[in-house]
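S.K.: Data: target-v2.json, JSON, C-alpha atoms.
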```json
[["chain", "number", "residue", "atom", "x", "y", "z"],
["C", 1, "MET", "CA", 15.26, -73.68, -102.60],
["C", 2, "PHE", "CA", 12.10, -72.58, -100.74],
["C", 3, "SER", "CA", 8.87, -73.58, -102.39],
["C", 4, "LEU", "CA", 5.52, -72.38, -101.05],
["C", 5, "LYS", "CA", 3.85, -75.43, -102.59],
["C", 6, "GLU", "CA", 6.23, -77.82, -100.78],
["C", 7, "ILE", "CA", 5.96, -75.89, -97.51],
["C", 8, "PHE", "CA", 2.16, -76.01, -97.78],
["C", 9, "SER", "CA", 2.19, -79.76, -98.50],
["C", 10, "VAL", "CA", 4.60, -80.53, -95.65],
["C", 11, "THR", "CA", 2.67, -78.32, -93.22],
["C", 12, "LEU", "CA", -0.70, -79.90, -94.04],
["C", 13, "THR", "CA", 0.71, -83.42, -93.90],
["C", 14, "LEU", "CA", 2.27, -82.86, -90.49],
["C", 15, "PHE", "CA", -0.84, -81.04, -89.27],
["C", 16, "ALA", "CA", -2.97, -84.07, -90.13],
["C", 17, "VAL", "CA", -0.55, -86.52, -88.52],
["C", 18, "ILE", "CA", 0.10, -84.50, -85.35],
["C", 19, "ASP", "CA", -3.65, -83.78, -85.00],
["C", 20, "ILE", "CA", -3.24, -81.34, -82.13],
["C", 21, "LEU", "CA", -6.92, -80.40, -82.32],
["C", 22, "GLY", "CA", -7.87, -84.05, -81.82],
["C", 23, "SER", "CA", -5.57, -84.13, -78.81],
["C", 24, "ILE", "CA", -7.44, -81.38, -76.97],
["C", 25, "PRO", "CA", -9.18, -83.84, -74.58],
["C", 26, "ILE", "CA", -5.80, -85.35, -73.66],
["C", 27, "ILE", "CA", -4.30, -81.88, -73.19],
["C", 28, "ILE", "CA", -7.17, -80.93, -70.89],
["C", 29, "GLN", "CA", -6.80, -84.18, -68.95],
["C", 30, "ILE", "CA", -3.06, -83.57, -68.45],
["C", 31, "ARG", "CA", -3.69, -79.97, -67.43],
["C", 32, "GLN", "CA", -6.27, -81.06, -64.84],
["C", 33, "ARG", "CA", -3.94, -83.74, -63.45],
["C", 34, "GLU", "CA", -0.82, -81.56, -63.39],
["C", 35, "GLY", "CA", -2.40, -78.16, -62.77],
["C", 36, "LYS", "CA", -0.66, -76.59, -65.76],
["C", 37, "ILE", "CA", 0.58, -77.34, -69.25],
["C", 38, "HIS", "CA", 4.08, -76.06, -69.86],
["C", 39, "SER", "CA", 3.40, -74.93, -73.43],
["C", 40, "GLU", "CA", 6.89, -73.65, -74.12],
["C", 41, "LYS", "CA", 8.60, -76.77, -72.77],
["C", 42, "ALA", "CA", 6.27, -79.19, -74.59],
["C", 43, "THR", "CA", 6.63, -77.30, -77.88],
["C", 44, "LEU", "CA", 10.41, -77.05, -77.55],
["C", 45, "VAL", "CA", 10.81, -80.75, -76.72],
["C", 46, "ALA", "CA", 8.47, -81.73, -79.58],
["C", 47, "GLY", "CA", 10.46, -79.51, -81.96],
["C", 48, "VAL", "CA", 13.80, -80.94, -80.88],
["C", 49, "LEU", "CA", 12.46, -84.49, -81.22],
["C", 50, "MET", "CA", 11.14, -83.78, -84.72],
["C", 51, "VAL", "CA", 14.34, -82.17, -85.96],
["C", 52, "VAL", "CA", 16.56, -84.85, -84.42],
["C", 53, "PHE", "CA", 14.43, -87.61, -85.90],
["C", 54, "LEU", "CA", 14.38, -85.82, -89.27],
["C", 55, "PHE", "CA", 18.17, -86.01, -89.40],
["C", 56, "LEU", "CA", 18.92, -89.17, -87.39],
["C", 57, "GLY", "CA", 15.68, -91.18, -87.29],
["C", 58, "GLN", "CA", 16.65, -94.09, -89.45],
["C", 59, "SER", "CA", 20.08, -94.31, -87.79],
["C", 60, "ILE", "CA", 18.58, -94.22, -84.29],
["C", 61, "LEU", "CA", 16.17, -97.05, -85.05],
["C", 62, "SER", "CA", 18.96, -99.08, -86.70],
["C", 63, "LEU", "CA", 21.30, -98.45, -83.76],
["C", 64, "PHE", "CA", 18.86, -100.14, -81.40],
["C", 65, "GLY", "CA", 17.97, -102.82, -83.93],
["C", 66, "VAL", "CA", 14.38, -101.61, -84.02],
["C", 67, "ASP", "CA", 12.42, -101.70, -87.21],
["C", 68, "TYR", "CA", 9.63, -99.28, -88.07],
["C", 69, "GLN", "CA", 6.92, -101.86, -87.34],
["C", 70, "SER", "CA", 8.16, -102.46, -83.79],
["C", 71, "PHE", "CA", 8.39, -98.70, -83.20],
["C", 72, "ALA", "CA", 4.86, -98.22, -84.51],
["C", 73, "LEU", "CA", 3.54, -101.06, -82.33],
["C", 74, "ALA", "CA", 5.09, -99.52, -79.21],
["C", 75, "GLY", "CA", 3.41, -96.23, -80.08],
["C", 76, "ALA", "CA", 0.13, -98.07, -80.69],
["C", 77, "ILE", "CA", 0.24, -99.60, -77.20],
["C", 78, "ILE", "CA", 0.72, -96.18, -75.61],
["C", 79, "ILE", "CA", -2.07, -94.66, -77.71],
["C", 80, "PHE", "CA", -4.33, -97.61, -76.82],
["C", 81, "LEU", "CA", -3.73, -97.13, -73.09],
["C", 82, "ILE", "CA", -4.36, -93.39, -73.30],
["C", 83, "GLY", "CA", -7.63, -94.11, -75.13],
["C", 84, "MET", "CA", -8.63, -96.54, -72.38],
["C", 85, "GLU", "CA", -7.94, -93.88, -69.77],
["C", 86, "MET", "CA", -10.14, -91.42, -71.63],
["C", 87, "ILE", "CA", -13.07, -93.78, -72.13],
["C", 88, "LEU", "CA", -13.09, -95.51, -68.74],
["C", 89, "GLY", "CA", -12.08, -92.52, -66.64],
["C", 90, "ILE", "CA", -9.23, -94.45, -65.06],
["C", 91, "GLU", "CA", -5.61, -93.49, -64.51],
["C", 92, "LEU", "CA", -3.06, -95.88, -65.98],
["C", 93, "PHE", "CA", -0.20, -93.42, -66.28],
["C", 94, "ARG", "CA", 0.43, -92.45, -62.70],
["C", 95, "ASN", "CA", 2.61, -89.44, -62.27],
["C", 96, "ASP", "CA", 4.61, -88.44, -59.26],
["C", 97, "PRO", "CA", 2.92, -85.17, -58.26],
["C", 98, "THR", "CA", 6.29, -83.62, -57.48],
["C", 99, "THR", "CA", 7.80, -84.22, -60.94],
["C", 100, "ARG", "CA", 5.11, -82.70, -63.19],
["C", 101, "THR", "CA", 6.40, -84.29, -66.40],
["C", 102, "GLY", "CA", 3.05, -84.54, -68.22],
["C", 103, "SER", "CA", 4.08, -81.75, -70.58],
["C", 104, "ILE", "CA", 6.90, -83.99, -71.82],
["C", 105, "VAL", "CA", 5.50, -87.53, -71.47],
["C", 106, "PRO", "CA", 2.88, -88.21, -72.79],
["C", 107, "LEU", "CA", 2.22, -84.78, -74.33],
["C", 108, "ALA", "CA", 5.39, -83.92, -76.29],
["C", 109, "PHE", "CA", 6.05, -87.63, -76.81],
["C", 110, "PRO", "CA", 4.08, -89.63, -77.98],
["C", 111, "ILE", "CA", 1.00, -87.39, -78.43],
["C", 112, "ILE", "CA", 2.59, -84.57, -80.48],
["C", 113, "VAL", "CA", 5.61, -86.48, -81.74],
["C", 114, "GLY", "CA", 4.68, -90.12, -81.93],
["C", 115, "ALA", "CA", 5.56, -92.96, -84.25],
["C", 116, "GLY", "CA", 3.31, -91.53, -86.96],
["C", 117, "THR", "CA", 4.95, -88.12, -86.86],
["C", 118, "MET", "CA", 8.44, -89.60, -86.84],
["C", 119, "THR", "CA", 7.88, -91.93, -89.76],
["C", 120, "THR", "CA", 6.08, -89.18, -91.66],
["C", 121, "LEU", "CA", 9.15, -86.98, -91.20],
["C", 122, "LEU", "CA", 11.34, -89.66, -92.77],
["C", 123, "SER", "CA", 8.97, -89.84, -95.74],
["C", 124, "LEU", "CA", 8.78, -86.05, -96.09],
["C", 125, "ARG", "CA", 12.55, -85.77, -96.06],
["C", 126, "ALA", "CA", 12.72, -88.19, -98.98],
["C", 127, "ALA", "CA", 10.06, -86.31, -100.95],
["C", 128, "TYR", "CA", 10.76, -82.62, -100.24],
["C", 129, "SER", "CA", 13.76, -80.37, -99.81],
["C", 130, "LEU", "CA", 15.07, -80.10, -96.27],
["C", 131, "PRO", "CA", 14.49, -76.33, -95.82],
["C", 132, "ASN", "CA", 10.83, -76.74, -96.77],
["C", 133, "VAL", "CA", 10.39, -79.61, -94.30],
["C", 134, "LEU", "CA", 11.99, -77.52, -91.55],
["C", 135, "VAL", "CA", 9.64, -74.59, -92.28],
["C", 136, "GLY", "CA", 6.67, -76.99, -92.20],
["C", 137, "ILE", "CA", 7.81, -78.30, -88.82],
["C", 138, "GLY", "CA", 8.15, -74.72, -87.54],
["C", 139, "LEU", "CA", 4.66, -73.73, -88.71],
["C", 140, "ASN", "CA", 3.15, -76.78, -87.01],
["C", 141, "LEU", "CA", 5.00, -76.02, -83.80],
["C", 142, "VAL", "CA", 3.56, -72.49, -83.76],
["C", 143, "PHE", "CA", 0.05, -73.94, -84.06],
["C", 144, "VAL", "CA", 0.78, -76.57, -81.38],
["C", 145, "PHE", "CA", 2.02, -73.83, -79.04],
["C", 146, "ILE", "CA", -1.15, -71.76, -79.58],
["C", 147, "VAL", "CA", -3.41, -74.73, -78.82],
["C", 148, "LEU", "CA", -1.40, -75.69, -75.72],
["C", 149, "LYS", "CA", -1.32, -72.11, -74.47],
["C", 150, "SER", "CA", -5.09, -71.73, -74.86],
["C", 151, "SER", "CA", -6.01, -75.09, -73.26],
["C", 152, "ALA", "CA", -7.53, -73.45, -70.17],
["C", 153, "TRP", "CA", -9.69, -71.19, -72.35],
["C", 154, "ILE", "CA", -10.77, -74.16, -74.49],
["C", 155, "GLU", "CA", -11.67, -76.11, -71.34],
["C", 156, "ARG", "CA", -13.80, -73.22, -70.04],
["C", 157, "LYS", "CA", -15.63, -72.94, -73.38],
["C", 158, "LEU", "CA", -16.34, -76.68, -73.53],
["C", 159, "GLY", "CA", -17.61, -76.96, -69.95],
["C", 160, "LYS", "CA", -17.63, -80.18, -67.97],
["C", 161, "ALA", "CA", -20.27, -81.95, -70.08],
["C", 162, "GLY", "CA", -18.62, -80.95, -73.37],
["C", 163, "GLU", "CA", -15.25, -82.04, -72.06],
["C", 164, "ASP", "CA", -16.59, -85.45, -70.97],
["C", 165, "ILE", "CA", -18.25, -86.05, -74.34],
["C", 166, "LEU", "CA", -15.18, -84.93, -76.26],
["C", 167, "ARG", "CA", -12.87, -87.04, -74.08],
["C", 168, "ARG", "CA", -14.88, -90.21, -74.64],
["C", 169, "VAL", "CA", -15.35, -89.63, -78.38],
["C", 170, "PHE", "CA", -11.64, -89.02, -78.90],
["C", 171, "GLY", "CA", -10.84, -91.94, -76.62],
["C", 172, "VAL", "CA", -12.71, -94.22, -79.04],
["C", 173, "ILE", "CA", -10.89, -92.59, -81.96],
["C", 174, "LEU", "CA", -7.54, -93.19, -80.24],
["C", 175, "LEU", "CA", -8.47, -96.83, -79.68],
["C", 176, "ALA", "CA", -9.36, -97.15, -83.38],
["C", 177, "ILE", "CA", -6.04, -95.55, -84.38],
["C", 178, "ALA", "CA", -4.17, -97.92, -82.06],
["C", 179, "ILE", "CA", -5.96, -100.95, -83.50],
["C", 180, "LYS", "CA", -5.23, -99.74, -87.04],
["C", 181, "LEU", "CA", -1.54, -99.43, -86.13],
["C", 182, "PHE", "CA", -1.63, -102.94, -84.65],
["C", 183, "LYS", "CA", -3.26, -104.39, -87.77],
["C", 184, "SER", "CA", -0.95, -102.66, -90.24],
["C", 185, "ASN", "CA", 2.27, -103.44, -88.36],
["C", 186, "PHE", "CA", 1.70, -106.87, -86.89]]
```
Turn the structure described in the file into structure tokens.
M.R.:
Amino acid sequence: MFSLKEIFSVTLTLFAVIDILGSIPIIIQIRQREGKIHSEKATLVAGVLMVVFLFLGQSILSLFGVDYQSFALAGAIIIFLIGMEMILGIELFRNDPTTRTGSIVPLAFPIIVGAGTMTTLLSLRAAYSLPNVLVGIGLNLVFVFIVLKSSAWIERKLGKAGEDILRRVFGVILLAIAIKLFKSNF
């Protein structure tokens, strides 16, 4: 039932798709805007979204009459706008300061669990046994939690100049990812 090889493959695949390390500039930006990242809440919501989509993803998309390409394009638009925020230093996603939902939107969804993660989960479920996919999800969530929890420490180590450089570099990368999603799904 459990296979270390499958667990390793699933974990690495999800790690590459989630790319929590590449999301550090966004995490820092959200933490600065909101004052705090709710690591537990973001990780829990991301985990629930992944497990629900693992079991019901195809049915959910079909229920709304949404195909994978439309879902991916919607995710690409959000990623594109976040990249623009990072590069230009503007704020497109205005949050009500009293709600403090940045740990959920855009962090848990679509940064951690976006269209790429969701479609990857559907592919992994077809290729690997369910218990191994669930363990891979769990291992990634542990790593996500550690990165989210240490965001203040990471920000201190980077400093303001390092943070600005990293934010702009990853903003360009996010724009490139968004354009790639547009090109492959349009």
S.K.: Taking only C-alpha atoms into account, which of C:Thr117, C:Gln58, C:Phe170, C:Lys36 comes nearest C:Asn140?
M.R.: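 Ranking C:Thr117, C:Gln58, C:Phe170, C:Lys36 by distance to C:Asn140, first place goes to C:Thr117.
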S.K.: Expressed in Å to a single decimal, how great is the separation between atom CA of C:Met86 and atom CA of C:Ala72?
M.R.: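 Computed distance, atom CA of C:Met86 to atom CA of C:Ala72, equals 20.9 Å.
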S.K.: Please list as a ChimeraX atom specification every residue within 12 Å of C:Gly114, counting only C-alpha atoms and excluding residues in the same chain fewer than 3 positions away.
M.R.: /C:14,17-20,46,49-50,53,71-79,105-111,117-121,178,181
S.K.: Pick the closest to C:Arg167 from C:Ile154, C:Ile26, C:Ile90, C:Leu12: which is it, counting all atoms listed in the file?
M.R.: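 Counting all atoms listed in the file, the residue closest to C:Arg167 is C:Ile26.
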S.K.: Just the residues within 12 Å of C:Ile173, please, counting all atoms listed in the file, with nothing from its chain fewer than 2 positions along; format it as a list in words.
M.R.: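 Returned residues: Asp19, Gly22, Ser23, Pro25, Ile79, Phe80, Ile82, Gly83, Met84, Met86, Ile87, Leu166, Arg167, Arg168, Val169, Phe170, Gly171, Leu175, Ala176, Ile177, Ala178, Ile179 and Lys180 of chain C.
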S.K.: For the residues selected in the previous step, produce a file with C-alpha atoms as a PDB file, keeping the file's coordinate frame.
M.R.:
```
ATOM      1  CA  ASP C  19      -3.650 -83.780 -85.000  1.00  0.00           C
ATOM      2  CA  GLY C  22      -7.870 -84.050 -81.820  1.00  0.00           C
ATOM      3  CA  SER C  23      -5.570 -84.130 -78.810  1.00  0.00           C
ATOM      4  CA  PRO C  25      -9.180 -83.840 -74.580  1.00  0.00           C
ATOM      5  CA  ILE C  79      -2.070 -94.660 -77.710  1.00  0.00           C
ATOM      6  CA  PHE C  80      -4.330 -97.610 -76.820  1.00  0.00           C
ATOM      7  CA  ILE C  82      -4.360 -93.390 -73.300  1.00  0.00           C
ATOM      8  CA  GLY C  83      -7.630 -94.110 -75.130  1.00  0.00           C
ATOM      9  CA  MET C  84      -8.630 -96.540 -72.380  1.00  0.00           C
ATOM     10  CA  MET C  86     -10.140 -91.420 -71.630  1.00  0.00           C
ATOM     11  CA  ILE C  87     -13.070 -93.780 -72.130  1.00  0.00           C
ATOM     12  CA  LEU C 166     -15.180 -84.930 -76.260  1.00  0.00           C
ATOM     13  CA  ARG C 167     -12.870 -87.040 -74.080  1.00  0.00           C
ATOM     14  CA  ARG C 168     -14.880 -90.210 -74.640  1.00  0.00           C
ATOM     15  CA  VAL C 169     -15.350 -89.630 -78.380  1.00  0.00           C
ATOM     16  CA  PHE C 170     -11.640 -89.020 -78.900  1.00  0.00           C
ATOM     17  CA  GLY C 171     -10.840 -91.940 -76.620  1.00  0.00           C
ATOM     18  CA  LEU C 175      -8.470 -96.830 -79.680  1.00  0.00           C
ATOM     19  CA  ALA C 176      -9.360 -97.150 -83.380  1.00  0.00           C
ATOM     20  CA  ILE C 177      -6.040 -95.550 -84.380  1.00  0.00           C
ATOM     21  CA  ALA C 178      -4.170 -97.920 -82.060  1.00  0.00           C
ATOM     22  CA  ILE C 179      -5.960-100.950 -83.500  1.00  0.00           C
ATOM     23  CA  LYS C 180      -5.230 -99.740 -87.040  1.00  0.00           C
TER      24      LYS C 180
END
```
S.K.: Could you state the separation of atom CA of C:Leu130 and atom CA of C:His38 in Å, given to one decimal place?
M.R.: 28.9 Å
S.K.: Which one is closest to C:Leu122: C:Leu174, C:Val10, C:Leu81, C:Val135? Count only C-alpha atoms.
M.R.: C:Val10
S.K.: Using the partial input, fill out stretch 73-84 of chain C with all heavy atoms; write the result as a PDB file, in the frame of the given file.
M.R.:
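Writing done, so here's rebuild_18.pdb:
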```
ATOM      1  N   LEU C  73       4.308-100.274 -83.285  1.00  0.00           N
ATOM      2  CA  LEU C  73       3.540-101.060 -82.330  1.00  0.00           C
ATOM      3  C   LEU C  73       3.687-100.527 -80.906  1.00  0.00           C
ATOM      4  O   LEU C  73       2.716-100.496 -80.145  1.00  0.00           O
ATOM      5  CB  LEU C  73       3.954-102.534 -82.375  1.00  0.00           C
ATOM      6  CG  LEU C  73       3.394-103.334 -83.547  1.00  0.00           C
ATOM      7  CD1 LEU C  73       4.005-104.724 -83.584  1.00  0.00           C
ATOM      8  CD2 LEU C  73       1.885-103.410 -83.469  1.00  0.00           C
ATOM      9  N   ALA C  74       4.886-100.113 -80.539  1.00  0.00           N
ATOM     10  CA  ALA C  74       5.090 -99.520 -79.210  1.00  0.00           C
ATOM     11  C   ALA C  74       4.250 -98.254 -79.066  1.00  0.00           C
ATOM     12  O   ALA C  74       3.602 -98.041 -78.036  1.00  0.00           O
ATOM     13  CB  ALA C  74       6.570 -99.214 -78.990  1.00  0.00           C
ATOM     14  N   GLY C  75       4.243 -97.426 -80.101  1.00  0.00           N
ATOM     15  CA  GLY C  75       3.410 -96.230 -80.080  1.00  0.00           C
ATOM     16  C   GLY C  75       1.928 -96.579 -80.009  1.00  0.00           C
ATOM     17  O   GLY C  75       1.147 -95.914 -79.318  1.00  0.00           O
ATOM     18  N   ALA C  76       1.523 -97.641 -80.701  1.00  0.00           N
ATOM     19  CA  ALA C  76       0.130 -98.070 -80.690  1.00  0.00           C
ATOM     20  C   ALA C  76      -0.310 -98.491 -79.290  1.00  0.00           C
ATOM     21  O   ALA C  76      -1.430 -98.201 -78.864  1.00  0.00           O
ATOM     22  CB  ALA C  76      -0.084 -99.210 -81.681  1.00  0.00           C
ATOM     23  N   ILE C  77       0.576 -99.167 -78.568  1.00  0.00           N
ATOM     24  CA  ILE C  77       0.240 -99.600 -77.200  1.00  0.00           C
ATOM     25  C   ILE C  77       0.007 -98.389 -76.307  1.00  0.00           C
ATOM     26  O   ILE C  77      -0.957 -98.338 -75.538  1.00  0.00           O
ATOM     27  CB  ILE C  77       1.344-100.514 -76.636  1.00  0.00           C
ATOM     28  CG1 ILE C  77       1.336-101.852 -77.376  1.00  0.00           C
ATOM     29  CG2 ILE C  77       1.168-100.726 -75.129  1.00  0.00           C
ATOM     30  CD1 ILE C  77       2.534-102.735 -77.093  1.00  0.00           C
ATOM     31  N   ILE C  78       0.870 -97.396 -76.421  1.00  0.00           N
ATOM     32  CA  ILE C  78       0.720 -96.180 -75.610  1.00  0.00           C
ATOM     33  C   ILE C  78      -0.576 -95.467 -75.970  1.00  0.00           C
ATOM     34  O   ILE C  78      -1.343 -95.051 -75.093  1.00  0.00           O
ATOM     35  CB  ILE C  78       1.939 -95.255 -75.768  1.00  0.00           C
ATOM     36  CG1 ILE C  78       3.172 -95.924 -75.163  1.00  0.00           C
ATOM     37  CG2 ILE C  78       1.683 -93.895 -75.104  1.00  0.00           C
ATOM     38  CD1 ILE C  78       4.470 -95.230 -75.468  1.00  0.00           C
ATOM     39  N   ILE C  79      -0.849 -95.327 -77.260  1.00  0.00           N
ATOM     40  CA  ILE C  79      -2.070 -94.660 -77.710  1.00  0.00           C
ATOM     41  C   ILE C  79      -3.300 -95.437 -77.218  1.00  0.00           C
ATOM     42  O   ILE C  79      -4.287 -94.847 -76.777  1.00  0.00           O
ATOM     43  CB  ILE C  79      -2.072 -94.510 -79.248  1.00  0.00           C
ATOM     44  CG1 ILE C  79      -1.010 -93.496 -79.663  1.00  0.00           C
ATOM     45  CG2 ILE C  79      -3.445 -94.090 -79.760  1.00  0.00           C
ATOM     46  CD1 ILE C  79      -0.742 -93.450 -81.150  1.00  0.00           C
ATOM     47  N   PHE C  80      -3.236 -96.773 -77.284  1.00  0.00           N
ATOM     48  CA  PHE C  80      -4.330 -97.610 -76.820  1.00  0.00           C
ATOM     49  C   PHE C  80      -4.611 -97.361 -75.335  1.00  0.00           C
ATOM     50  O   PHE C  80      -5.761 -97.189 -74.917  1.00  0.00           O
ATOM     51  CB  PHE C  80      -3.996 -99.085 -77.065  1.00  0.00           C
ATOM     52  CG  PHE C  80      -5.102-100.027 -76.685  1.00  0.00           C
ATOM     53  CD1 PHE C  80      -6.127-100.304 -77.575  1.00  0.00           C
ATOM     54  CD2 PHE C  80      -5.114-100.641 -75.448  1.00  0.00           C
ATOM     55  CE1 PHE C  80      -7.151-101.170 -77.228  1.00  0.00           C
ATOM     56  CE2 PHE C  80      -6.123-101.510 -75.087  1.00  0.00           C
ATOM     57  CZ  PHE C  80      -7.159-101.780 -75.981  1.00  0.00           C
ATOM     58  N   LEU C  81      -3.564 -97.331 -74.533  1.00  0.00           N
ATOM     59  CA  LEU C  81      -3.730 -97.130 -73.090  1.00  0.00           C
ATOM     60  C   LEU C  81      -4.273 -95.740 -72.772  1.00  0.00           C
ATOM     61  O   LEU C  81      -5.110 -95.582 -71.874  1.00  0.00           O
ATOM     62  CB  LEU C  81      -2.411 -97.387 -72.364  1.00  0.00           C
ATOM     63  CG  LEU C  81      -1.939 -98.849 -72.386  1.00  0.00           C
ATOM     64  CD1 LEU C  81      -0.542 -98.966 -71.784  1.00  0.00           C
ATOM     65  CD2 LEU C  81      -2.924 -99.758 -71.674  1.00  0.00           C
ATOM     66  N   ILE C  82      -3.838 -94.738 -73.508  1.00  0.00           N
ATOM     67  CA  ILE C  82      -4.360 -93.390 -73.300  1.00  0.00           C
ATOM     68  C   ILE C  82      -5.843 -93.345 -73.663  1.00  0.00           C
ATOM     69  O   ILE C  82      -6.657 -92.735 -72.960  1.00  0.00           O
ATOM     70  CB  ILE C  82      -3.553 -92.349 -74.112  1.00  0.00           C
ATOM     71  CG1 ILE C  82      -2.145 -92.214 -73.517  1.00  0.00           C
ATOM     72  CG2 ILE C  82      -4.260 -90.986 -74.115  1.00  0.00           C
ATOM     73  CD1 ILE C  82      -1.191 -91.395 -74.363  1.00  0.00           C
ATOM     74  N   GLY C  83      -6.218 -94.019 -74.753  1.00  0.00           N
ATOM     75  CA  GLY C  83      -7.630 -94.110 -75.130  1.00  0.00           C
ATOM     76  C   GLY C  83      -8.459 -94.787 -74.059  1.00  0.00           C
ATOM     77  O   GLY C  83      -9.590 -94.361 -73.759  1.00  0.00           O
ATOM     78  N   MET C  84      -7.925 -95.854 -73.463  1.00  0.00           N
ATOM     79  CA  MET C  84      -8.630 -96.540 -72.380  1.00  0.00           C
ATOM     80  C   MET C  84      -8.828 -95.615 -71.177  1.00  0.00           C
ATOM     81  O   MET C  84      -9.895 -95.617 -70.563  1.00  0.00           O
ATOM     82  CB  MET C  84      -7.868 -97.805 -71.956  1.00  0.00           C
ATOM     83  CG  MET C  84      -7.868 -98.909 -73.000  1.00  0.00           C
ATOM     84  SD  MET C  84      -9.510 -99.501 -73.436  1.00  0.00           S
ATOM     85  CE  MET C  84      -9.951-100.346 -71.939  1.00  0.00           C
TER      86      MET C  84
END
```
